[in-house]
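One file, input.txt, carrying compact mmCIF, C-alpha atoms:
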# COMPACT_ATOMS: atom_id res chain seq x y z
CA MET A 950 -7.19 -80.11 -39.99
CA THR A 951 -9.38 -78.88 -37.14
CA THR A 952 -8.40 -76.05 -34.83
CA SER A 953 -7.93 -78.54 -31.97
CA GLU A 954 -5.57 -80.63 -34.08
CA LYS A 955 -3.54 -77.58 -35.08
CA LEU A 956 -3.27 -76.51 -31.43
CA PHE A 957 -2.26 -80.04 -30.45
CA LEU A 958 0.75 -79.81 -32.80
CA VAL A 959 1.79 -76.47 -31.31
CA LEU A 960 1.64 -77.87 -27.78
CA ALA A 961 3.43 -81.04 -28.86
CA GLU A 962 6.25 -78.86 -30.13
CA GLU A 963 6.41 -76.43 -27.21
CA LEU A 964 5.53 -78.91 -24.39
CA ASN A 965 4.44 -75.90 -22.39
CA PHE A 966 0.82 -74.69 -22.14
CA SER A 967 1.75 -71.07 -21.50
CA ARG A 968 4.15 -70.78 -24.47
CA ALA A 969 1.83 -72.74 -26.78
CA ALA A 970 -1.14 -70.52 -25.87
CA LYS A 971 0.89 -67.36 -26.41
CA LYS A 972 2.18 -68.62 -29.75
CA SER A 973 -1.36 -69.45 -30.85
CA PHE A 974 -2.79 -66.11 -29.66
CA ILE A 975 -5.34 -67.73 -27.35
CA SER A 976 -5.71 -68.06 -23.60
CA GLN A 977 -4.18 -70.99 -21.72
CA GLN A 978 -7.65 -72.04 -20.62
CA ALA A 979 -8.89 -72.12 -24.21
CA LEU A 980 -5.89 -74.23 -25.22
CA SER A 981 -6.62 -76.67 -22.39
CA GLU A 982 -10.23 -76.99 -23.52
CA HIS A 983 -9.14 -77.85 -27.09
CA ILE A 984 -6.73 -80.53 -25.85
CA LYS A 985 -9.37 -82.04 -23.54
CA ARG A 986 -11.82 -82.12 -26.46
CA LEU A 987 -9.28 -83.98 -28.59
CA GLU A 988 -8.50 -86.47 -25.82
CA GLN A 989 -12.21 -87.13 -25.36
CA TYR A 990 -12.53 -87.75 -29.08
CA TYR A 991 -9.73 -90.35 -29.07
CA GLY A 992 -10.65 -91.68 -25.61
CA LEU A 993 -7.02 -91.52 -24.53
CA ALA A 994 -4.68 -89.13 -22.71
CA LEU A 995 -2.37 -87.47 -25.19
CA PHE A 996 -0.23 -85.54 -22.72
CA ILE A 997 1.31 -86.16 -19.29
CA ARG A 998 0.83 -82.87 -17.50
CA PHE A 999 2.79 -83.32 -14.25
CA PRO A 1000 5.50 -82.75 -13.21
CA SER A 1001 6.13 -81.46 -16.79
CA VAL A 1002 4.26 -81.66 -20.07
CA LYS A 1003 5.14 -84.72 -22.15
CA LEU A 1004 3.50 -86.68 -24.93
CA THR A 1005 2.07 -90.10 -24.10
CA GLU A 1006 2.70 -92.96 -26.51
CA ALA A 1007 -0.76 -92.37 -27.92
CA GLY A 1008 0.07 -88.68 -28.20
CA LYS A 1009 3.25 -89.48 -30.13
CA ASN A 1010 1.22 -91.51 -32.63
CA VAL A 1011 -1.32 -88.73 -32.99
CA GLN A 1012 1.48 -86.22 -33.48
CA LYS A 1013 3.07 -88.34 -36.22
CA THR A 1014 -0.23 -88.76 -38.04
CA LEU A 1015 -1.23 -85.11 -37.74
CA GLN A 1016 2.17 -83.99 -38.97
CA ALA A 1017 1.71 -86.19 -42.04
CA ILE A 1018 -1.75 -84.71 -42.61
CA GLN A 1019 -0.37 -81.20 -42.17
CA SER A 1020 2.32 -81.90 -44.74
CA LEU A 1021 -0.26 -83.25 -47.19
CA GLU A 1022 -2.44 -80.18 -46.71
CA GLN A 1023 0.49 -77.86 -47.31
CA ASN A 1024 1.40 -79.72 -50.49
CA LEU A 1025 -2.20 -79.55 -51.63
CA LYS A 1026 -2.27 -75.79 -51.05
CA MET A 1027 0.93 -75.43 -53.07
CA GLU A 1028 -0.51 -77.44 -55.92
CA LEU A 1029 -3.73 -75.46 -55.87
CA GLY A 1030 -1.65 -72.32 -55.62
CA LYS A 1031 0.06 -73.26 -58.86
CA PHE A 1032 -3.30 -73.33 -60.58
CA GLN A 1033 -4.30 -70.10 -58.87
CA ASN A 1034 -1.08 -68.42 -59.98
CA GLY A 1035 -1.48 -69.63 -63.53
CA THR A 1036 1.03 -72.49 -63.79
CA PHE A 1037 -1.58 -74.45 -65.72
CA GLY A 1038 -4.91 -73.40 -67.13
CA THR A 1039 -6.81 -72.08 -70.13
CA ILE A 1040 -8.28 -68.67 -70.87
CA ARG A 1041 -11.09 -68.55 -73.43
CA PHE A 1042 -11.10 -64.95 -74.62
CA GLY A 1043 -13.22 -63.24 -77.26
CA ILE A 1044 -12.04 -60.29 -79.33
CA ASN A 1045 -12.78 -58.89 -82.77
CA TYR A 1046 -10.39 -59.69 -85.61
CA THR A 1047 -8.82 -56.25 -86.03
CA ARG A 1048 -8.05 -55.68 -82.37
CA ALA A 1049 -6.75 -59.22 -82.04
CA LYS A 1050 -4.14 -58.50 -84.73
CA LEU A 1051 -3.07 -55.34 -82.93
CA LEU A 1052 -3.25 -56.29 -79.26
CA ILE A 1053 -2.69 -60.01 -78.92
CA PRO A 1054 0.98 -60.40 -80.04
CA THR A 1055 2.31 -57.91 -77.48
CA LEU A 1056 -0.21 -58.94 -74.84
CA PHE A 1057 0.74 -62.60 -75.21
CA GLU A 1058 4.45 -61.84 -74.99
CA HIS A 1059 4.05 -59.96 -71.69
CA TYR A 1060 1.65 -62.54 -70.30
CA HIS A 1061 3.63 -65.60 -71.38
CA ILE A 1062 6.72 -64.43 -69.51
CA LYS A 1063 4.78 -64.62 -66.25
CA TYR A 1064 2.53 -67.58 -67.09
CA PRO A 1065 4.41 -69.82 -69.56
CA ASN A 1066 2.01 -72.76 -69.23
CA ILE A 1067 -1.28 -70.96 -69.70
CA LYS A 1068 -3.10 -71.68 -72.96
CA ILE A 1069 -5.11 -68.83 -74.48
CA GLU A 1070 -8.00 -69.80 -76.73
CA LEU A 1071 -8.97 -66.81 -78.88
CA VAL A 1072 -12.46 -66.49 -80.34
CA LEU A 1073 -12.63 -63.88 -83.13
CA GLU A 1074 -16.13 -62.44 -83.19
CA GLU A 1075 -18.10 -59.21 -83.07
CA THR A 1076 -19.43 -57.93 -79.76
CA VAL A 1077 -23.05 -59.00 -80.22
CA ASN A 1078 -22.01 -62.59 -80.95
CA MET A 1079 -19.60 -62.72 -78.01
CA GLN A 1080 -22.35 -61.65 -75.63
CA GLU A 1081 -24.32 -64.76 -76.55
CA MET A 1082 -21.24 -66.94 -76.29
CA MET A 1083 -20.64 -65.67 -72.75
CA LYS A 1084 -24.19 -66.54 -71.75
CA GLN A 1085 -23.71 -70.01 -73.20
CA GLY A 1086 -20.43 -70.50 -71.32
CA LYS A 1087 -18.35 -70.79 -74.50
CA ILE A 1088 -15.93 -68.02 -73.52
CA ASP A 1089 -14.77 -66.67 -70.15
CA SER A 1090 -14.54 -62.97 -71.06
CA PHE A 1091 -14.17 -60.72 -74.07
CA LEU A 1092 -13.18 -57.30 -75.36
CA GLY A 1093 -16.42 -55.58 -76.28
CA ILE A 1094 -17.06 -52.46 -78.36
CA ASN A 1095 -20.01 -50.18 -77.54
CA GLY A 1096 -21.97 -53.01 -76.01
CA ILE A 1097 -25.05 -53.02 -73.80
CA TYR A 1098 -24.76 -55.86 -71.33
CA ASP A 1099 -27.36 -57.66 -69.25
CA GLU A 1100 -26.64 -59.44 -65.97
CA PRO A 1101 -24.63 -61.40 -65.07
CA LEU A 1102 -22.27 -59.69 -67.55
CA LYS A 1103 -20.37 -56.67 -66.31
CA ALA A 1104 -18.10 -54.30 -68.24
CA THR A 1105 -15.01 -52.34 -67.23
CA LEU A 1106 -14.23 -49.39 -69.50
CA LEU A 1107 -10.83 -49.63 -71.21
CA SER A 1108 -10.83 -46.68 -73.61
CA TYR A 1109 -12.73 -43.95 -75.42
CA GLU A 1110 -11.68 -43.66 -79.05
CA ASN A 1111 -12.29 -41.34 -81.98
CA ILE A 1112 -13.24 -42.38 -85.50
CA TYR A 1113 -10.88 -41.15 -88.21
CA LEU A 1114 -11.21 -40.81 -91.95
CA ILE A 1115 -8.08 -42.14 -93.65
CA ALA A 1116 -7.02 -40.98 -97.11
CA SER A 1117 -3.87 -40.54 -99.17
CA LYS A 1118 -2.41 -37.30 -100.44
CA LYS A 1119 -3.48 -38.23 -103.95
CA TYR A 1120 -7.07 -38.77 -102.86
CA LEU A 1121 -7.26 -35.48 -100.96
CA ILE A 1122 -5.83 -33.49 -103.85
CA GLU A 1123 -7.71 -35.17 -106.71
CA LYS A 1124 -11.08 -35.89 -105.06
CA LEU A 1125 -11.45 -32.83 -102.83
CA GLY A 1126 -9.25 -30.33 -104.64
CA TRP A 1127 -7.09 -29.65 -101.60
CA GLU A 1128 -3.79 -27.99 -102.37
CA LEU A 1129 -0.67 -29.80 -101.25
CA LYS A 1130 0.54 -26.87 -99.18
CA ASN A 1131 -2.79 -26.64 -97.36
CA ILE A 1132 -3.43 -30.32 -96.55
CA GLU A 1133 -2.18 -30.03 -93.00
CA ASP A 1134 -4.59 -27.13 -92.40
CA HIS A 1135 -7.42 -29.68 -92.48
CA PHE A 1136 -6.00 -31.96 -89.78
CA THR A 1137 -8.08 -30.67 -86.90
CA GLU A 1138 -11.56 -31.96 -87.70
CA VAL A 1139 -13.32 -32.68 -90.98
CA GLU A 1140 -17.01 -32.87 -91.71
CA LEU A 1141 -18.14 -36.07 -93.38
CA GLN A 1142 -20.62 -34.04 -95.46
CA ASN A 1143 -17.64 -32.75 -97.48
CA PHE A 1144 -17.03 -36.29 -98.73
CA ASN A 1145 -20.59 -36.84 -99.97
CA GLY A 1146 -20.63 -38.95 -103.14
CA LEU A 1147 -16.90 -39.78 -103.03
CA PRO A 1148 -15.55 -43.35 -103.38
CA PHE A 1149 -14.93 -45.27 -100.15
CA ALA A 1150 -14.02 -48.69 -98.84
CA MET A 1151 -16.07 -49.68 -95.80
CA ASN A 1152 -15.85 -52.18 -93.00
CA HIS A 1153 -18.34 -55.03 -92.74
CA SER A 1154 -21.88 -54.07 -91.78
CA LYS A 1155 -21.71 -56.01 -88.50
CA SER A 1156 -18.81 -53.93 -87.21
CA THR A 1157 -19.50 -51.29 -84.57
CA THR A 1158 -17.65 -48.62 -86.55
CA TYR A 1159 -19.77 -49.22 -89.63
CA GLN A 1160 -23.00 -49.12 -87.63
CA LEU A 1161 -22.06 -45.81 -85.99
CA LEU A 1162 -21.08 -44.28 -89.32
CA ASN A 1163 -24.20 -45.60 -91.01
CA GLN A 1164 -26.45 -44.12 -88.33
CA TYR A 1165 -24.65 -40.79 -88.59
CA MET A 1166 -24.89 -40.73 -92.38
CA GLU A 1167 -28.59 -41.62 -92.38
CA LYS A 1168 -29.30 -38.90 -89.83
CA ASN A 1169 -27.36 -36.28 -91.81
CA LYS A 1170 -28.34 -37.53 -95.29
CA ILE A 1171 -24.80 -38.32 -96.36
CA ASN A 1172 -24.27 -40.80 -99.20
CA LEU A 1173 -20.78 -42.19 -99.75
CA LYS A 1174 -19.95 -44.20 -102.86
CA ASN A 1175 -19.20 -47.54 -101.22
CA LEU A 1176 -17.09 -49.50 -103.70
CA MET A 1177 -15.56 -52.10 -101.39
CA VAL A 1178 -16.61 -53.95 -98.23
CA VAL A 1179 -13.97 -55.82 -96.24
CA SER A 1180 -13.51 -56.63 -92.54
CA ASP A 1181 -9.69 -56.53 -92.61
CA TYR A 1182 -8.23 -53.13 -91.72
CA GLN A 1183 -4.91 -54.00 -93.31
CA ILE A 1184 -6.62 -54.44 -96.67
CA LEU A 1185 -8.52 -51.19 -96.17
CA GLU A 1186 -5.27 -49.41 -95.38
CA ASN A 1187 -3.46 -50.75 -98.43
CA VAL A 1188 -6.37 -49.94 -100.74
CA CYS A 1189 -6.44 -46.37 -99.41
CA ARG A 1190 -2.74 -45.96 -100.21
CA THR A 1191 -3.55 -46.37 -103.92
CA GLY A 1192 -5.38 -43.05 -103.79
CA TYR A 1193 -8.60 -44.34 -105.34
CA LEU A 1194 -10.56 -44.91 -102.13
CA ALA A 1195 -10.76 -43.49 -98.61
CA SER A 1196 -11.94 -45.33 -95.53
CA PHE A 1197 -12.28 -45.13 -91.75
CA CYS A 1198 -10.47 -46.47 -88.72
CA THR A 1199 -10.66 -46.19 -84.97
CA GLN A 1200 -8.02 -44.55 -82.84
CA VAL A 1201 -6.35 -47.80 -81.85
CA TYR A 1202 -5.23 -48.32 -85.46
CA LEU A 1203 -3.40 -44.99 -85.85
CA LEU A 1204 -0.07 -46.26 -84.58
CA ILE A 1205 0.03 -48.94 -87.29
CA ILE A 1206 -0.72 -46.37 -89.99
CA SER A 1207 2.06 -44.14 -88.68
CA GLN A 1208 4.53 -47.02 -88.59
CA ASN A 1209 3.58 -48.16 -92.08
CA ASN A 1210 3.90 -44.66 -93.52
CA ALA A 1211 7.65 -44.95 -92.92
CA LEU A 1212 7.72 -47.84 -95.42
CA TYR A 1213 6.23 -45.82 -98.29
CA PRO A 1214 7.22 -42.75 -100.32
CA PRO A 1215 5.34 -39.53 -99.41
CA ASP A 1216 2.78 -39.89 -102.21
CA PHE A 1217 1.49 -43.06 -100.54
CA TYR A 1218 1.29 -41.69 -97.02
CA LEU A 1219 -2.08 -41.98 -95.31
CA TYR A 1220 -3.51 -39.08 -93.39
CA ALA A 1221 -5.88 -39.66 -90.47
CA LEU A 1222 -8.52 -36.95 -90.20
CA PRO A 1223 -10.66 -36.81 -87.05
CA LEU A 1224 -14.36 -36.69 -87.88
CA LYS A 1225 -16.45 -33.93 -86.41
CA ASP A 1226 -19.31 -35.14 -84.18
CA LEU A 1227 -17.78 -38.61 -83.90
CA GLN A 1228 -15.12 -37.94 -81.29
CA LYS A 1229 -14.98 -40.48 -78.46
CA SER A 1230 -17.83 -42.36 -80.09
CA ILE A 1231 -16.10 -45.73 -79.68
CA HIS A 1232 -15.63 -47.23 -76.24
CA SER A 1233 -13.94 -50.55 -75.61
CA GLU A 1234 -14.60 -52.55 -72.49
CA LEU A 1235 -13.51 -55.72 -70.76
CA VAL A 1236 -16.61 -57.86 -70.31
CA TYR A 1237 -16.75 -60.62 -67.71
CA ASN A 1238 -19.23 -62.65 -65.68
CA GLN A 1239 -19.64 -61.02 -62.27
CA MET A 1240 -20.99 -64.29 -60.85
CA LEU A 1241 -17.70 -66.10 -61.48
CA SER A 1242 -14.64 -66.09 -59.24
CA TYR A 1243 -11.74 -65.78 -61.70
CA PRO A 1244 -8.34 -67.25 -60.70
CA GLU A 1245 -5.36 -64.99 -60.30
CA TYR A 1246 -3.87 -65.84 -63.69
CA VAL A 1247 -7.07 -64.62 -65.40
CA LEU A 1248 -7.11 -61.40 -63.37
CA ASP A 1249 -3.50 -60.77 -64.41
CA PHE A 1250 -4.52 -61.34 -68.04
CA PHE A 1251 -7.17 -58.64 -67.60
CA ASN A 1252 -4.59 -56.21 -66.19
CA ILE A 1253 -2.14 -56.82 -69.04
CA LEU A 1254 -4.97 -56.37 -71.54
CA LYS A 1255 -5.76 -52.95 -70.03
CA GLU A 1256 -2.12 -51.88 -70.37
CA SER A 1257 -1.94 -53.19 -73.95
CA VAL A 1258 -4.95 -51.08 -74.95
CA LYS A 1259 -3.31 -47.98 -73.47
CA GLU A 1260 -0.10 -48.63 -75.41
CA TRP A 1261 -1.94 -48.57 -78.72
CA LEU A 1262 -3.76 -45.28 -78.19
CA VAL A 1263 -1.83 -42.35 -79.63

Could you write out this file's structure as structure tokens?
Amino acid sequence: MTTSEKLFLVLAEELNFSRAAKKSFISQQALSEHIKRLEQYYGLALFIRFPSVKLTEAGKNVQKTLQAIQSLEQNLKMELGKFQNGTFGTIRFGINYTRAKLLIPTLFEHYHIKYPNIKIELVLEETVNMQEMMKQGKIDSFLGINGIYDEPLKATLLSYENIYLIASKKYLIEKLGWELKNIEDHFTEVELQNFNGLPFAMNHSKSTTYQLLNQYMEKNKINLKNLMVVSDYQILENVCRTGYLASFCTQVYLLIISQNNALYPPDFYLYALPLKDLQKSIHSELVYNQMLSYPEYVLDFFNILKESVKEWLV
């Protein structure tokens, strides 16, 4: 509806120019000009002005029609508001496999309570692949790890994380010769050089953690005995509990290790040892297209994602 039509409805309700102008926060003269403009458009008088303001028959018809239009517009806004508030819609979100297993169940629970009809399409990929998918319009946003992003992509930092070496008591005693009573003395920082030549299970070569570790080892001439390559952290964790291999994890995975330790006898506990020179070497970020105007239900998804990441950092 035009401004003149909206003002017409106010005057039709008030039947008083002074009150209608005051209610509309304009001058009485400005209100009169709008009404005259509308009457000129229809070619008919819409109001009888003297001795008191009344609607003409034409004015009554215009009022009825404009009220119907106003009602339709309000209904349309409500319907669009439902979409805006996430009553219906789809979020296409990219995230790597490990973090999806950790973050998504809790994130979805919190989000679904507020937006029960939103569908979330997860794409499980590494950061470099998700960057290309964003440019191609295949996903709306993603959780990136140590990425470098070109326009129109923009990143919001979610966390800085350490890289930890994970090993069982058996491994630390048998492979490094640590004494049981002194194991906890090593829980500040460990140097990866001390594990040179020892057996390890490693993440897949495309993972950010592997690439950081590989660069560090090449620079410092460290050679680990890589006996297993797998992209599933749960498998890495379980293999490490046998005591034959050690591995690595990022900070976000520590809570799971701690929880799982309660399910095993002490000999199968895993210890997480922070690596010297690799503190805060992992940063996770929410990546989105700064040229897009995201609806409210997507922005809320972003906020819940940020809180979910914080919950997992210990």

- Task: Identify, on the basis of only C-alpha atoms, every residue whose closest approach to region 1013-1017 of chain A does not exceed 12 Å; exclude the query and any residue fewer than 2 positions from it along the same chain; express the result as a ChimeraX atom specification.
- Result: /A:950-959,961-962,1004,1006-1011,1019-1024

- Note on the structure: CA of Lys1068 (chain A) to CA of Ile1040 (chain A) measures 6.3 Å

- Pick from A:Ile1206, A:Ala969, A:Ile1044, A:Leu1056: nearest to Glu1234 (chain A), with only C-alpha atoms counted?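 Among the listed residues, the smallest separation from Glu1234 (chain A) belongs to A:Ile1044.
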
Residues near Asn1078 (chain A), anyone? I mean within 12 Å using only C-alpha atoms, not counting same-chain ones fewer than 2 positions away, as a short mmCIF file (atom, residue, chain, number, x, y, z; two decimals) with C-alpha atoms, keeping the file's coordinate frame.
data_model
loop_
_atom_site.label_atom_id
_atom_site.label_comp_id
_atom_site.auth_asym_id
_atom_site.auth_seq_id
_atom_site.Cartn_x
_atom_site.Cartn_y
_atom_site.Cartn_z
CA GLY A 1043 -13.22 -63.24 -77.26
CA ILE A 1044 -12.04 -60.29 -79.33
CA ASN A 1045 -12.78 -58.89 -82.77
CA VAL A 1072 -12.46 -66.49 -80.34
CA LEU A 1073 -12.63 -63.88 -83.13
CA GLU A 1074 -16.13 -62.44 -83.19
CA GLU A 1075 -18.10 -59.21 -83.07
CA THR A 1076 -19.43 -57.93 -79.76
CA GLN A 1080 -22.35 -61.65 -75.63
CA GLU A 1081 -24.32 -64.76 -76.55
CA MET A 1082 -21.24 -66.94 -76.29
CA MET A 1083 -20.64 -65.67 -72.75
CA LYS A 1084 -24.19 -66.54 -71.75
CA GLN A 1085 -23.71 -70.01 -73.20
CA LYS A 1087 -18.35 -70.79 -74.50
CA ILE A 1088 -15.93 -68.02 -73.52
CA PHE A 1091 -14.17 -60.72 -74.07
CA LEU A 1092 -13.18 -57.30 -75.36
CA GLY A 1093 -16.42 -55.58 -76.28
CA ILE A 1094 -17.06 -52.46 -78.36
CA GLY A 1096 -21.97 -53.01 -76.01
CA LYS A 1155 -21.71 -56.01 -88.50
CA SER A 1156 -18.81 -53.93 -87.21
#

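Counting all atoms listed in the file, the residue from A:Ile1171, A:Glu1256, A:Asn1143, A:Glu1186 that sits nearest to Ser1207 (chain A) is A:Glu1186.
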
- So, counting only C-alpha atoms, which residue among A:Glu963, A:Val1258, A:Ser1233, A:Arg998 is closest to Leu1106 (chain A)? A:Ser1233

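A straight line drawn from CA of Phe1217 (chain A) to CA of Ala1116 (chain A) is 9.4 Å long.
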
- Query: Between A:Thr1039, A:Asn1187, A:Thr1047, A:Ser1196, which is the closest to Ile1069 (chain A) once you count all atoms listed in the file?
  - Reply: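 Closest candidate: A:Thr1039.
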